[in-house]
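Next up, my_file.txt (compact mmCIF, C-alpha atoms and all ligand atoms):
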```txt
# COMPACT_ATOMS: atom_id res chain seq x y z
CA MET J 1 -18.51 -109.19 13.87
CA SER J 2 -19.33 -106.98 16.85
CA ARG J 3 -21.06 -108.56 19.78
CA ILE J 4 -24.33 -107.49 21.39
CA LEU J 5 -23.87 -106.96 25.12
CA PHE J 6 -26.76 -106.48 27.55
CA SER J 7 -25.65 -105.30 30.99
CA GLY J 8 -27.42 -104.46 34.23
CA ALA J 9 -30.13 -106.98 33.43
CA ASN J 10 -32.48 -108.74 35.79
CA LEU J 11 -31.78 -112.24 34.48
CA LEU J 12 -34.54 -114.82 34.24
CA ASP J 13 -32.57 -117.65 32.72
CA GLY J 14 -35.55 -120.00 32.28
CA GLU J 15 -34.53 -122.10 35.27
CA ASN J 16 -33.48 -120.08 38.32
CA PRO J 17 -34.99 -117.18 40.29
CA ALA J 18 -34.29 -113.66 39.07
CA GLN J 19 -30.68 -112.48 39.41
CA PRO J 20 -30.07 -108.72 39.19
CA GLY J 21 -26.96 -107.05 37.75
CA GLN J 22 -26.25 -109.61 35.05
CA THR J 23 -24.63 -109.36 31.65
CA VAL J 24 -25.56 -111.44 28.61
CA VAL J 25 -23.39 -111.39 25.50
CA VAL J 26 -24.54 -112.46 22.03
CA GLU J 27 -22.25 -113.21 19.13
CA GLY J 28 -23.66 -114.52 15.87
CA ASP J 29 -26.65 -116.68 16.70
CA GLN J 30 -25.34 -117.75 20.10
CA ILE J 31 -25.15 -116.61 23.69
CA VAL J 32 -21.40 -116.54 24.32
CA ALA J 33 -21.25 -115.27 27.93
CA VAL J 34 -23.55 -114.89 30.93
CA GLY J 35 -22.50 -113.62 34.34
CA SER J 36 -22.44 -110.74 36.77
CA ASP J 37 -21.72 -107.31 35.26
CA GLU J 38 -18.32 -107.21 36.98
CA SER J 39 -17.26 -110.62 35.70
CA ILE J 40 -17.76 -110.04 31.95
CA PRO J 41 -15.12 -107.88 30.22
CA HIS J 42 -16.34 -105.56 27.45
CA ARG J 43 -14.67 -105.32 24.07
CA PRO J 44 -14.25 -101.93 22.37
CA ASP J 45 -16.57 -102.78 19.50
CA ASP J 46 -19.33 -104.37 21.61
CA LYS J 47 -22.76 -102.89 20.98
CA VAL J 48 -23.79 -102.28 24.60
CA PHE J 49 -27.35 -101.99 25.90
CA ARG J 50 -27.70 -101.02 29.55
CA LEU J 51 -30.93 -102.50 30.85
CA GLU J 52 -32.21 -100.37 33.70
CA GLY J 53 -35.34 -101.85 35.24
CA ALA J 54 -35.64 -104.49 32.57
CA SER J 55 -35.38 -108.26 32.58
CA ILE J 56 -33.78 -110.53 30.04
CA MET J 57 -35.25 -113.98 29.50
CA PRO J 58 -35.41 -116.71 26.85
CA GLY J 59 -37.77 -116.31 23.91
CA MET J 60 -40.92 -118.25 24.71
CA VAL J 61 -42.28 -121.29 22.91
CA GLN J 62 -45.98 -121.62 22.07
CA ALA J 63 -46.33 -125.40 22.25
CA HIS J 64 -49.84 -125.92 20.83
CA TRP J 65 -50.09 -124.02 17.59
CA HIS J 66 -52.78 -123.87 14.91
CA GLY J 67 -51.59 -120.96 12.78
CA SER J 68 -54.57 -120.78 10.41
CA TYR J 69 -57.39 -120.93 12.98
CA ARG J 70 -59.49 -117.79 13.10
CA GLY J 71 -62.91 -117.30 14.66
CA LEU J 72 -63.83 -121.01 14.81
CA ASP J 73 -67.09 -121.43 16.70
CA PHE J 74 -68.99 -124.40 18.08
CA GLU J 75 -70.14 -125.51 14.64
CA PRO J 76 -67.10 -124.92 12.45
CA PRO J 77 -66.87 -126.09 8.86
CA PRO J 78 -64.43 -128.97 8.40
CA VAL J 79 -61.27 -127.46 9.84
CA GLY J 80 -58.67 -126.70 7.22
CA LEU J 81 -61.36 -126.20 4.57
CA GLU J 82 -62.79 -122.92 5.90
CA LYS J 83 -61.00 -120.99 3.16
CA PRO J 84 -58.75 -121.84 0.19
CA PRO J 85 -55.19 -122.94 1.10
CA GLY J 86 -53.60 -119.66 -0.03
CA TYR J 87 -55.90 -117.67 2.23
CA LEU J 88 -55.19 -120.00 5.15
CA MET J 89 -51.46 -119.61 4.55
CA LEU J 90 -51.80 -115.83 4.76
CA LEU J 91 -53.60 -116.29 8.07
CA ALA J 92 -50.88 -118.67 9.24
CA ALA J 93 -48.16 -116.18 8.30
CA THR J 94 -49.97 -113.24 9.91
CA GLN J 95 -50.63 -115.10 13.15
CA ALA J 96 -47.13 -116.55 13.30
CA LYS J 97 -45.82 -112.97 13.15
CA LEU J 98 -48.29 -112.04 15.90
CA ALA J 99 -46.88 -114.79 18.12
CA LEU J 100 -43.35 -113.57 17.45
CA ASP J 101 -44.37 -110.01 18.34
CA HIS J 102 -45.74 -111.37 21.64
CA GLY J 103 -42.37 -112.90 22.51
CA PHE J 104 -42.86 -116.42 21.17
CA THR J 105 -39.74 -117.05 19.13
CA SER J 106 -40.79 -120.66 18.52
CA VAL J 107 -44.05 -122.52 17.99
CA ILE J 108 -44.82 -126.24 18.02
CA GLY J 109 -47.55 -127.28 15.61
CA ALA J 110 -50.62 -129.10 16.89
CA ALA J 111 -52.13 -129.86 13.45
CA THR J 112 -52.71 -128.08 10.19
CA GLY J 113 -53.96 -128.92 6.71
CA ASP J 114 -52.07 -128.44 3.44
CA ALA J 115 -48.70 -128.69 5.21
CA LEU J 116 -49.01 -125.00 6.11
CA ASP J 117 -46.57 -125.32 9.03
CA ALA J 118 -43.86 -126.96 6.95
CA GLN J 119 -44.24 -124.54 4.04
CA LEU J 120 -44.35 -121.45 6.26
CA LYS J 121 -41.29 -122.74 8.09
CA MET J 122 -39.42 -122.86 4.75
CA ALA J 123 -40.44 -119.29 3.93
CA ILE J 124 -39.46 -118.01 7.40
CA ASP J 125 -36.13 -119.86 7.35
CA ASP J 126 -35.41 -118.40 3.90
CA GLY J 127 -36.18 -114.87 5.14
CA ILE J 128 -39.23 -114.43 2.89
CA VAL J 129 -41.51 -113.51 5.80
CA PRO J 130 -40.77 -112.85 9.47
CA GLY J 131 -41.93 -115.43 11.98
CA PRO J 132 -40.99 -117.75 14.80
CA ARG J 133 -38.99 -120.96 14.54
CA ILE J 134 -41.55 -123.66 13.73
CA MET J 135 -41.71 -127.32 14.64
CA ALA J 136 -44.15 -128.34 11.91
CA SER J 137 -47.22 -130.45 12.38
CA GLY J 138 -49.36 -132.00 9.66
CA ARG J 139 -52.95 -133.21 9.56
CA TRP J 140 -54.34 -134.72 12.72
CA PHE J 141 -55.35 -138.35 12.57
CA ILE J 142 -58.92 -139.38 13.17
CA THR J 143 -60.64 -142.71 13.01
CA THR J 144 -64.07 -143.13 11.45
CA GLY J 145 -66.65 -141.78 13.88
CA ASP J 146 -64.16 -140.38 16.38
CA SER J 147 -64.57 -137.17 18.38
CA ASN J 148 -63.73 -134.90 15.45
CA ASP J 149 -65.78 -136.81 12.88
CA LEU J 150 -69.01 -134.84 13.16
CA PRO J 151 -72.19 -136.70 12.16
CA GLU J 152 -72.85 -134.36 9.23
CA PHE J 153 -69.47 -135.19 7.70
CA ALA J 154 -70.88 -138.58 6.74
CA PHE J 155 -73.28 -136.91 4.31
CA TRP J 156 -71.07 -134.20 2.89
CA ASP J 157 -68.94 -136.57 0.81
CA ILE J 158 -65.98 -134.19 0.95
CA GLN J 159 -62.93 -135.33 -1.00
CA ALA J 160 -60.39 -132.94 0.49
CA GLN J 161 -59.13 -133.76 3.95
CA GLY J 162 -58.51 -130.29 5.34
CA SER J 163 -56.73 -130.59 8.66
CA GLN J 164 -57.68 -134.20 9.24
CA ARG J 165 -56.59 -137.53 7.85
CA TYR J 166 -58.88 -140.49 8.29
CA CYS J 167 -57.16 -143.74 9.25
CA ASP J 168 -58.59 -147.06 10.36
CA GLY J 169 -56.37 -150.00 11.08
CA VAL J 170 -52.66 -150.37 11.63
CA ASP J 171 -51.63 -150.17 7.98
CA GLU J 172 -53.51 -146.94 7.35
CA PHE J 173 -51.88 -145.31 10.40
CA ILE J 174 -48.42 -146.37 9.27
CA LYS J 175 -49.01 -145.05 5.74
CA GLY J 176 -50.63 -141.86 7.06
CA VAL J 177 -47.74 -141.07 9.37
CA ARG J 178 -45.27 -141.57 6.55
CA LEU J 179 -47.27 -139.33 4.23
CA GLU J 180 -47.48 -136.51 6.80
CA ILE J 181 -43.76 -136.74 7.51
CA ARG J 182 -43.06 -136.73 3.76
CA GLU J 183 -44.96 -133.42 3.56
CA GLY J 184 -42.78 -131.97 6.29
CA ALA J 185 -44.42 -132.86 9.60
CA GLU J 186 -41.95 -132.95 12.46
CA ILE J 187 -44.58 -133.71 15.08
CA VAL J 188 -47.52 -136.01 14.36
CA LYS J 189 -50.90 -135.35 16.01
CA ILE J 190 -53.37 -138.07 16.94
CA PHE J 191 -56.57 -138.20 19.02
CA MET J 192 -57.02 -140.89 21.63
CA ASP J 193 -60.29 -139.79 23.22
CA GLY J 194 -62.80 -136.95 23.52
CA GLY J 195 -63.20 -134.36 26.24
CA HIS J 196 -61.54 -130.93 26.32
CA ALA J 197 -64.29 -129.37 24.16
CA LEU J 198 -64.78 -132.35 21.86
CA LEU J 199 -68.07 -133.96 21.06
CA HIS J 200 -67.58 -137.19 22.97
CA GLY J 201 -66.81 -137.40 26.65
CA SER J 202 -63.48 -138.61 27.85
CA ASP J 203 -64.65 -142.23 28.34
CA PHE J 204 -64.75 -142.50 24.58
CA VAL J 205 -61.68 -144.12 22.98
CA SER J 206 -60.83 -143.25 19.36
CA MET J 207 -58.04 -145.68 18.57
CA THR J 208 -57.30 -149.30 19.30
CA ASP J 209 -54.13 -150.14 21.19
CA ALA J 210 -52.67 -151.58 18.00
CA GLU J 211 -53.44 -148.40 16.01
CA LEU J 212 -51.92 -146.24 18.74
CA ARG J 213 -48.76 -148.28 18.87
CA ALA J 214 -48.48 -148.35 15.08
CA ALA J 215 -48.76 -144.56 14.90
CA VAL J 216 -46.18 -144.06 17.64
CA ASP J 217 -43.73 -146.58 16.23
CA ALA J 218 -44.07 -145.32 12.65
CA THR J 219 -43.37 -141.78 13.92
CA HIS J 220 -40.41 -142.75 16.05
CA ASP J 221 -38.92 -144.88 13.27
CA ARG J 222 -38.69 -141.67 11.25
CA GLN J 223 -37.19 -139.86 14.25
CA LYS J 224 -40.11 -137.50 14.71
CA LEU J 225 -42.28 -136.68 17.73
CA ILE J 226 -45.90 -137.64 18.29
CA ARG J 227 -48.45 -135.71 20.29
CA CYS J 228 -51.85 -136.93 21.38
CA HIS J 229 -55.12 -135.30 22.41
CA VAL J 230 -55.93 -137.26 25.55
CA THR J 231 -57.98 -136.47 28.62
CA ALA J 232 -59.01 -139.62 30.52
CA LYS J 233 -56.70 -141.47 32.87
CA ARG J 234 -57.23 -144.76 31.06
CA ALA J 235 -56.21 -143.23 27.73
CA ILE J 236 -53.28 -141.36 29.32
CA LEU J 237 -51.91 -144.64 30.64
CA LYS J 238 -52.32 -146.28 27.22
CA CYS J 239 -50.38 -143.39 25.63
CA LEU J 240 -47.64 -143.63 28.25
CA ASP J 241 -47.36 -147.32 27.53
CA ALA J 242 -47.14 -146.71 23.77
CA GLY J 243 -44.49 -143.97 24.11
CA VAL J 244 -46.35 -140.78 23.13
CA ASP J 245 -44.01 -137.76 23.44
CA VAL J 246 -46.42 -134.86 24.05
CA PHE J 247 -49.69 -135.15 25.96
CA ASP J 248 -52.21 -132.54 24.92
CA HIS J 249 -54.45 -131.55 27.83
CA ALA J 250 -54.34 -134.68 30.09
CA ASP J 251 -57.23 -133.16 32.05
CA ARG J 252 -57.77 -136.23 34.20
CA MET J 253 -54.17 -136.86 35.16
CA ASP J 254 -53.57 -138.11 38.69
CA ARG J 255 -50.56 -139.17 40.74
CA GLU J 256 -50.08 -142.37 38.74
CA CYS J 257 -50.08 -140.38 35.49
CA ILE J 258 -47.69 -137.80 36.97
CA ASP J 259 -45.28 -140.59 37.92
CA GLY J 260 -45.60 -141.92 34.38
CA PHE J 261 -44.86 -138.53 32.81
CA ILE J 262 -41.76 -138.18 34.94
CA ALA J 263 -40.51 -141.72 34.30
CA SER J 264 -40.98 -141.34 30.53
CA GLY J 265 -39.74 -137.74 30.31
CA SER J 266 -42.78 -136.84 28.23
CA PHE J 267 -44.19 -133.33 27.85
CA VAL J 268 -47.66 -132.17 28.92
CA CYS J 269 -49.47 -129.19 27.39
CA PRO J 270 -52.64 -128.54 29.45
CA SER J 271 -54.14 -125.72 27.29
CA LEU J 272 -56.43 -124.78 30.14
CA TYR J 273 -57.53 -121.37 28.90
CA LEU J 274 -59.75 -122.89 26.20
CA THR J 275 -61.66 -124.79 28.87
CA LYS J 276 -62.13 -121.62 30.90
CA ALA J 277 -63.25 -119.67 27.84
CA ILE J 278 -65.82 -122.28 26.78
CA ILE J 279 -67.30 -122.52 30.28
CA ALA J 280 -67.58 -118.73 30.43
CA THR J 281 -69.13 -118.45 26.96
CA LEU J 282 -71.72 -121.19 27.38
CA SER J 283 -72.63 -120.03 30.89
CA GLU J 284 -73.14 -116.53 29.53
CA TYR J 285 -75.78 -117.91 27.18
CA GLY J 286 -77.54 -119.72 30.04
CA ASP J 287 -76.13 -123.12 29.15
CA GLU J 288 -74.44 -123.80 32.47
CA ASN J 289 -76.39 -127.06 32.81
CA ASP J 290 -75.27 -128.26 29.40
CA PRO J 291 -73.51 -131.63 29.93
CA MET J 292 -70.42 -130.30 28.15
CA VAL J 293 -70.18 -127.38 30.59
CA ILE J 294 -70.65 -129.65 33.60
CA GLY J 295 -67.92 -131.99 32.32
CA LEU J 296 -65.56 -129.15 31.45
CA ARG J 297 -66.09 -127.50 34.82
CA ALA J 298 -65.24 -130.73 36.63
CA ASP J 299 -62.13 -131.18 34.48
CA TYR J 300 -61.12 -127.56 35.02
CA ASP J 301 -61.49 -127.75 38.80
CA HIS J 302 -59.53 -131.01 38.83
CA MET J 303 -56.72 -129.42 36.79
CA LEU J 304 -56.47 -126.41 39.11
CA GLU J 305 -55.83 -128.90 41.90
CA VAL J 306 -53.53 -131.36 40.13
CA LEU J 307 -51.38 -128.99 38.03
CA PRO J 308 -49.45 -127.54 40.99
CA GLN J 309 -48.68 -131.11 42.06
CA ALA J 310 -47.53 -132.06 38.57
CA SER J 311 -45.39 -128.94 38.32
CA ALA J 312 -43.84 -129.45 41.75
CA ALA J 313 -43.10 -133.08 40.91
CA GLY J 314 -41.12 -131.99 37.84
CA VAL J 315 -43.46 -132.88 34.96
CA LYS J 316 -42.30 -131.09 31.82
CA LEU J 317 -45.35 -128.85 31.44
CA MET J 318 -45.62 -126.42 28.52
CA VAL J 319 -47.79 -123.46 27.54
CA GLY J 320 -49.85 -123.43 24.36
CA ASP J 321 -53.55 -123.37 23.65
CA ASP J 322 -56.19 -123.55 20.95
CA TRP J 323 -55.80 -119.97 19.75
CA GLY J 324 -58.03 -119.01 16.88
CA THR J 325 -61.46 -120.01 18.16
CA ALA J 326 -64.12 -117.32 18.50
CA MET J 327 -63.46 -117.40 22.28
CA THR J 328 -59.68 -117.51 22.14
CA PRO J 329 -58.41 -115.08 19.50
CA HIS J 330 -54.76 -115.17 18.52
CA GLY J 331 -52.86 -112.57 20.51
CA ASP J 332 -54.51 -113.35 23.85
CA TYR J 333 -51.66 -115.72 24.69
CA ILE J 334 -50.99 -114.27 28.15
CA LYS J 335 -54.44 -115.33 29.32
CA GLU J 336 -53.36 -118.96 29.44
CA LEU J 337 -50.30 -118.13 31.58
CA GLU J 338 -52.53 -116.05 33.86
CA VAL J 339 -54.83 -119.05 34.46
CA TYR J 340 -51.91 -121.08 35.79
CA VAL J 341 -50.66 -118.24 38.01
CA ASN J 342 -53.87 -116.60 39.17
CA GLU J 343 -56.20 -119.59 39.35
CA ALA J 344 -53.98 -122.65 39.88
CA GLY J 345 -51.65 -120.70 42.21
CA ILE J 346 -48.43 -121.65 40.43
CA GLU J 347 -45.52 -119.23 40.76
CA PRO J 348 -44.88 -117.04 37.68
CA LEU J 349 -41.27 -118.25 37.62
CA GLU J 350 -42.49 -121.81 37.25
CA VAL J 351 -44.86 -120.93 34.39
CA ILE J 352 -42.02 -119.05 32.69
CA ARG J 353 -39.99 -122.25 33.01
CA TRP J 354 -42.82 -124.14 31.23
CA ALA J 355 -42.80 -121.56 28.42
CA THR J 356 -39.02 -121.53 27.99
CA LYS J 357 -36.88 -124.36 29.37
CA ASN J 358 -39.46 -127.16 29.07
CA SER J 359 -40.84 -126.29 25.68
CA GLY J 360 -37.38 -125.34 24.40
CA GLU J 361 -36.33 -128.90 25.19
CA CYS J 362 -39.35 -130.18 23.24
CA MET J 363 -38.15 -128.26 20.16
CA GLN J 364 -35.40 -130.91 19.74
CA MET J 365 -32.60 -128.44 19.12
CA GLY J 366 -30.01 -130.61 20.82
CA GLY J 367 -30.50 -128.82 24.13
CA GLY J 368 -29.70 -125.50 22.49
CA LEU J 369 -32.93 -123.67 23.19
CA GLY J 370 -35.00 -122.45 26.13
CA THR J 371 -32.54 -121.08 28.67
CA VAL J 372 -30.11 -118.15 28.88
CA GLU J 373 -26.79 -119.94 29.12
CA THR J 374 -23.46 -119.83 27.33
CA GLY J 375 -23.63 -121.86 24.16
CA LYS J 376 -27.40 -121.63 23.72
CA LEU J 377 -29.13 -120.10 20.72
CA ALA J 378 -29.73 -116.39 21.25
CA ASP J 379 -33.53 -116.31 21.33
CA LEU J 380 -34.02 -113.58 23.93
CA LEU J 381 -36.59 -111.14 25.25
CA VAL J 382 -35.85 -107.86 27.01
CA VAL J 383 -38.89 -107.10 29.12
CA ARG J 384 -39.79 -103.93 31.01
CA GLY J 385 -40.15 -104.92 34.68
CA ASP J 386 -39.93 -108.40 36.18
CA PRO J 387 -42.34 -111.06 34.81
CA SER J 388 -41.42 -113.39 37.67
CA LYS J 389 -43.20 -110.89 39.94
CA ASN J 390 -46.07 -110.13 37.55
CA ILE J 391 -46.69 -112.55 34.70
CA SER J 392 -49.17 -110.18 33.06
CA ILE J 393 -46.32 -107.89 32.01
CA LEU J 394 -45.67 -110.36 29.20
CA GLY J 395 -49.12 -109.78 27.73
CA ASP J 396 -48.44 -106.28 26.44
CA PRO J 397 -46.06 -106.24 23.45
CA ASP J 398 -45.12 -102.66 24.40
CA ASN J 399 -43.34 -104.17 27.41
CA LEU J 400 -41.16 -106.25 25.11
CA LEU J 401 -38.34 -103.79 24.56
CA ALA J 402 -36.34 -106.18 22.43
CA ILE J 403 -36.90 -109.56 20.80
CA LEU J 404 -34.01 -111.55 19.37
CA LYS J 405 -34.29 -114.72 17.35
CA ASP J 406 -31.10 -116.52 16.34
CA GLY J 407 -29.10 -113.54 17.62
CA LEU J 408 -30.87 -111.05 15.35
CA PHE J 409 -33.15 -108.28 16.55
CA VAL J 410 -36.74 -108.91 15.51
CA LYS J 411 -37.64 -105.85 17.59
CA GLN J 412 -35.40 -103.26 19.19
CA SER J 413 -36.80 -100.29 21.08
CA LEU J 414 -34.16 -99.99 23.79
ZN ZN F 501 -55.60 -127.96 19.24
```
For this file, write the structure as structure tokens.
Amino acid sequence: MSRILFSGANLLDGENPAQPGQTVVVEGDQIVAVGSDESIPHRPDDKVFRLEGASIMPGMVQAHWHGSYRGLDFEPPPVGLEKPPGYLMLLAATQAKLALDHGFTSVIGAATGDALDAQLKMAIDDGIVPGPRIMASGRWFITTGDSNDLPEFAFWDIQAQGSQRYCDGVDEFIKGVRLEIREGAEIVKIFMDGGHALLHGSDFVSMTDAELRAAVDATHDRQKLIRCHVTAKRAILKCLDAGVDVFDHADRMDRECIDGFIASGSFVCPSLYLTKAIIATLSEYGDENDPMVIGLRADYDHMLEVLPQASAAGVKLMVGDDWGTAMTPHGDYIKELEVYVNEAGIEPLEVIRWATKNSGECMQMGGGLGTVETGKLADLLVVRGDPSKNISILGDPDNLLAILKDGLFVKQSL
């Protein structure tokens, strides 16, 4: 089999600053050589691409993914029941392809109904439809009356669960986790408190300590990951204590939480663009004194201050947001990265590291994903220009000159 050889590349390996004049060689689904142009010998049958003025970097990972969300507003129907499952699967497939076309060669589920992630993953892996590598989520877990359990739900008497599974008590959490994993979930999603656009403020606690620990232990016993919507410091510390793997949002993290994230090696997905979008939308309608806006604004300002500290300290931050609301349409993915660079003042290289090395590690591929190194899976982007100088370059798919997943071209316009 002939190799694919990219030479003259500006290499962004997912870890280090840009290095010009580099060669990357792909054979099968793997990167088999990386080094300066002079140091890598060519073979006669290599398929060579000379990358003038272009960068090569790892495929990105969207680490908070709801594939079937589309146009959800402030009063959505029960999520996962907006449309029949077949329709939602078509949305999931279409939007997964959109993510791939934007350079996200992997996505990590953050909850879905009807096992859409797991079933779409099967179809993608079998070559039925194109799409990114998926770490599948299942339904999210809610307790009776928690932040997602809207008051009107009590009167609707809906039998189907949509994207949420009700659990109360340790035994129900254990059974629920096992059922989701049986349907294909590789990452379980629970809610520990409110905040971050949810009905209740972040002082609200959804789960008892015993329920939290039962969910975490039941997940880990089956060798899967567990992610938790959590915003308040008190709830973050409870989740750290219980062993949660991925912290969604963590808006009220402080130094003690940062130390905890580092000690535990857990991942944090801030999803800050949703907060920005809600503040902007509600303010536009004259609701800037709405308690939700005031709370979100305080959380947002706090995050702009604390995120650079968390990043500098080495917390494994990731990119990924609630795409598919009316304010955050799928495809706008770059806007989240721009918040971290333009508003929190974090270097583009660092945010690229979140989107590649950190989230690649979270994908649990035995260390094989997220950086451009010999022996890694060949998920690669060839990008016009240098995203470590201007992150916004990554927002225009026309700037993605090539996309490879598993060593195969998904796109090639070199
Ligand atoms: Zn979400």
- Within 12 Å of J:Tyr87, counting all atoms listed in the file, which residues show up once you throw out same-chain ones fewer than 5 positions away? Write them as a ChimeraX atom specification, please. /J:67-70,80-82,92-94,114,116
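Distances from J:His249, J:Ala235, J:Asp168, J:Ser106 to J:Met365 were compared using all atoms listed in the file, and the smallest one belongs to J:Ser106.
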Using all atoms listed in the file, what table do you get, as a Markdown table, when you list each residue of chain J with an atom no more than 10 Å from ligand ZN 501 (chain F), its nearest pair of atoms, and their distance in Å rounded to one decimal, rows by chain then rising number?
```
| residue | atom | partner | partner_atom | distance |
| --- | --- | --- | --- | --- |
| J:His64 | CA | F:ZN501 | ZN | 6.3 |
| J:Trp65 | CA | F:ZN501 | ZN | 7.0 |
| J:His66 | CA | F:ZN501 | ZN | 6.6 |
| J:Tyr69 | CA | F:ZN501 | ZN | 9.6 |
| J:Gly109 | CA | F:ZN501 | ZN | 8.9 |
| J:Ala110 | CA | F:ZN501 | ZN | 5.6 |
| J:Ala111 | CA | F:ZN501 | ZN | 7.0 |
| J:Thr112 | CA | F:ZN501 | ZN | 9.5 |
| J:Trp140 | CA | F:ZN501 | ZN | 9.5 |
| J:Lys189 | CA | F:ZN501 | ZN | 9.3 |
| J:His196 | CA | F:ZN501 | ZN | 9.7 |
| J:Cys228 | CA | F:ZN501 | ZN | 10.0 |
| J:His229 | CA | F:ZN501 | ZN | 8.0 |
| J:Asp248 | CA | F:ZN501 | ZN | 8.0 |
| J:His249 | CA | F:ZN501 | ZN | 9.4 |
| J:Ser271 | CA | F:ZN501 | ZN | 8.5 |
| J:Leu274 | CA | F:ZN501 | ZN | 9.6 |
| J:Gly320 | CA | F:ZN501 | ZN | 8.9 |
| J:Asp321 | CA | F:ZN501 | ZN | 6.7 |
| J:Asp322 | CA | F:ZN501 | ZN | 4.8 |
| J:Trp323 | CA | F:ZN501 | ZN | 8.0 |
| J:Gly324 | CA | F:ZN501 | ZN | 9.6 |
| J:Thr325 | CA | F:ZN501 | ZN | 9.9 |
```
- Note on the structure: Taken to one decimal, the atom CA of J:Val410-atom CA of J:Pro397 distance is 12.5 Å
Env of stretch 371-374 of chain J: 6 Å cut, atoms = all atoms listed in the file, seq-sep filter 5 positions within chain, self excluded. Answer as a short mmCIF file (atom, residue, chain, number, x, y, z; two decimals) with C-alpha atoms, keeping the file's coordinate frame.
```cif
data_model
loop_
_atom_site.label_atom_id
_atom_site.label_comp_id
_atom_site.auth_asym_id
_atom_site.auth_seq_id
_atom_site.Cartn_x
_atom_site.Cartn_y
_atom_site.Cartn_z
CA ASP J 13 -32.57 -117.65 32.72
CA GLY J 14 -35.55 -120.00 32.28
CA ILE J 31 -25.15 -116.61 23.69
CA VAL J 32 -21.40 -116.54 24.32
CA ALA J 33 -21.25 -115.27 27.93
CA PRO J 58 -35.41 -116.71 26.85
CA LYS J 357 -36.88 -124.36 29.37
#
```
- Message: Taking (-54.8, -146.2, 25.1) in the coordinates of the supplied file, I want to know which residues reach to within 9 Å of it, counting all atoms listed in the file; could you give the answer as an MDAnalysis selection string?
- Response: chainID J and resid 192:193 205:209 212:213 234:242
How would stretch 363-373 of chain J look with N, CA, C and O atoms restored, written as a PDB file, keeping the file's coordinate frame?
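Final output, rebuild-v2.pdb:
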```pdb
ATOM      1  N   MET J 363     -38.453-128.673  21.543  1.00  0.00           N
ATOM      2  CA  MET J 363     -38.150-128.260  20.160  1.00  0.00           C
ATOM      3  C   MET J 363     -37.041-129.101  19.517  1.00  0.00           C
ATOM      4  O   MET J 363     -36.744-128.941  18.328  1.00  0.00           O
ATOM      5  N   GLN J 364     -36.392-129.972  20.302  1.00  0.00           N
ATOM      6  CA  GLN J 364     -35.400-130.910  19.740  1.00  0.00           C
ATOM      7  C   GLN J 364     -34.238-130.193  19.040  1.00  0.00           C
ATOM      8  O   GLN J 364     -33.837-130.574  17.937  1.00  0.00           O
ATOM      9  N   MET J 365     -33.731-129.156  19.707  1.00  0.00           N
ATOM     10  CA  MET J 365     -32.600-128.440  19.120  1.00  0.00           C
ATOM     11  C   MET J 365     -31.293-128.863  19.802  1.00  0.00           C
ATOM     12  O   MET J 365     -30.393-128.048  20.009  1.00  0.00           O
ATOM     13  N   GLY J 366     -31.234-130.108  20.197  1.00  0.00           N
ATOM     14  CA  GLY J 366     -30.010-130.610  20.820  1.00  0.00           C
ATOM     15  C   GLY J 366     -29.683-129.908  22.119  1.00  0.00           C
ATOM     16  O   GLY J 366     -28.512-129.725  22.462  1.00  0.00           O
ATOM     17  N   GLY J 367     -30.717-129.501  22.858  1.00  0.00           N
ATOM     18  CA  GLY J 367     -30.500-128.820  24.130  1.00  0.00           C
ATOM     19  C   GLY J 367     -30.096-127.368  23.961  1.00  0.00           C
ATOM     20  O   GLY J 367     -29.697-126.711  24.927  1.00  0.00           O
ATOM     21  N   GLY J 368     -30.205-126.844  22.743  1.00  0.00           N
ATOM     22  CA  GLY J 368     -29.700-125.500  22.490  1.00  0.00           C
ATOM     23  C   GLY J 368     -30.686-124.373  22.675  1.00  0.00           C
ATOM     24  O   GLY J 368     -30.388-123.219  22.369  1.00  0.00           O
ATOM     25  N   LEU J 369     -31.883-124.698  23.157  1.00  0.00           N
ATOM     26  CA  LEU J 369     -32.930-123.670  23.190  1.00  0.00           C
ATOM     27  C   LEU J 369     -33.651-123.687  24.541  1.00  0.00           C
ATOM     28  O   LEU J 369     -33.810-124.730  25.155  1.00  0.00           O
ATOM     29  N   GLY J 370     -34.080-122.502  24.991  1.00  0.00           N
ATOM     30  CA  GLY J 370     -35.000-122.450  26.130  1.00  0.00           C
ATOM     31  C   GLY J 370     -34.432-121.879  27.413  1.00  0.00           C
ATOM     32  O   GLY J 370     -35.191-121.595  28.330  1.00  0.00           O
ATOM     33  N   THR J 371     -33.114-121.701  27.481  1.00  0.00           N
ATOM     34  CA  THR J 371     -32.540-121.080  28.670  1.00  0.00           C
ATOM     35  C   THR J 371     -31.482-120.050  28.229  1.00  0.00           C
ATOM     36  O   THR J 371     -30.999-120.099  27.100  1.00  0.00           O
ATOM     37  N   VAL J 372     -31.171-119.137  29.147  1.00  0.00           N
ATOM     38  CA  VAL J 372     -30.110-118.150  28.880  1.00  0.00           C
ATOM     39  C   VAL J 372     -28.827-118.688  29.493  1.00  0.00           C
ATOM     40  O   VAL J 372     -28.566-118.538  30.683  1.00  0.00           O
ATOM     41  N   GLU J 373     -28.050-119.356  28.668  1.00  0.00           N
ATOM     42  CA  GLU J 373     -26.790-119.940  29.120  1.00  0.00           C
ATOM     43  C   GLU J 373     -25.779-119.844  27.994  1.00  0.00           C
ATOM     44  O   GLU J 373     -26.159-119.846  26.812  1.00  0.00           O
TER      45      GLU J 373
END
```
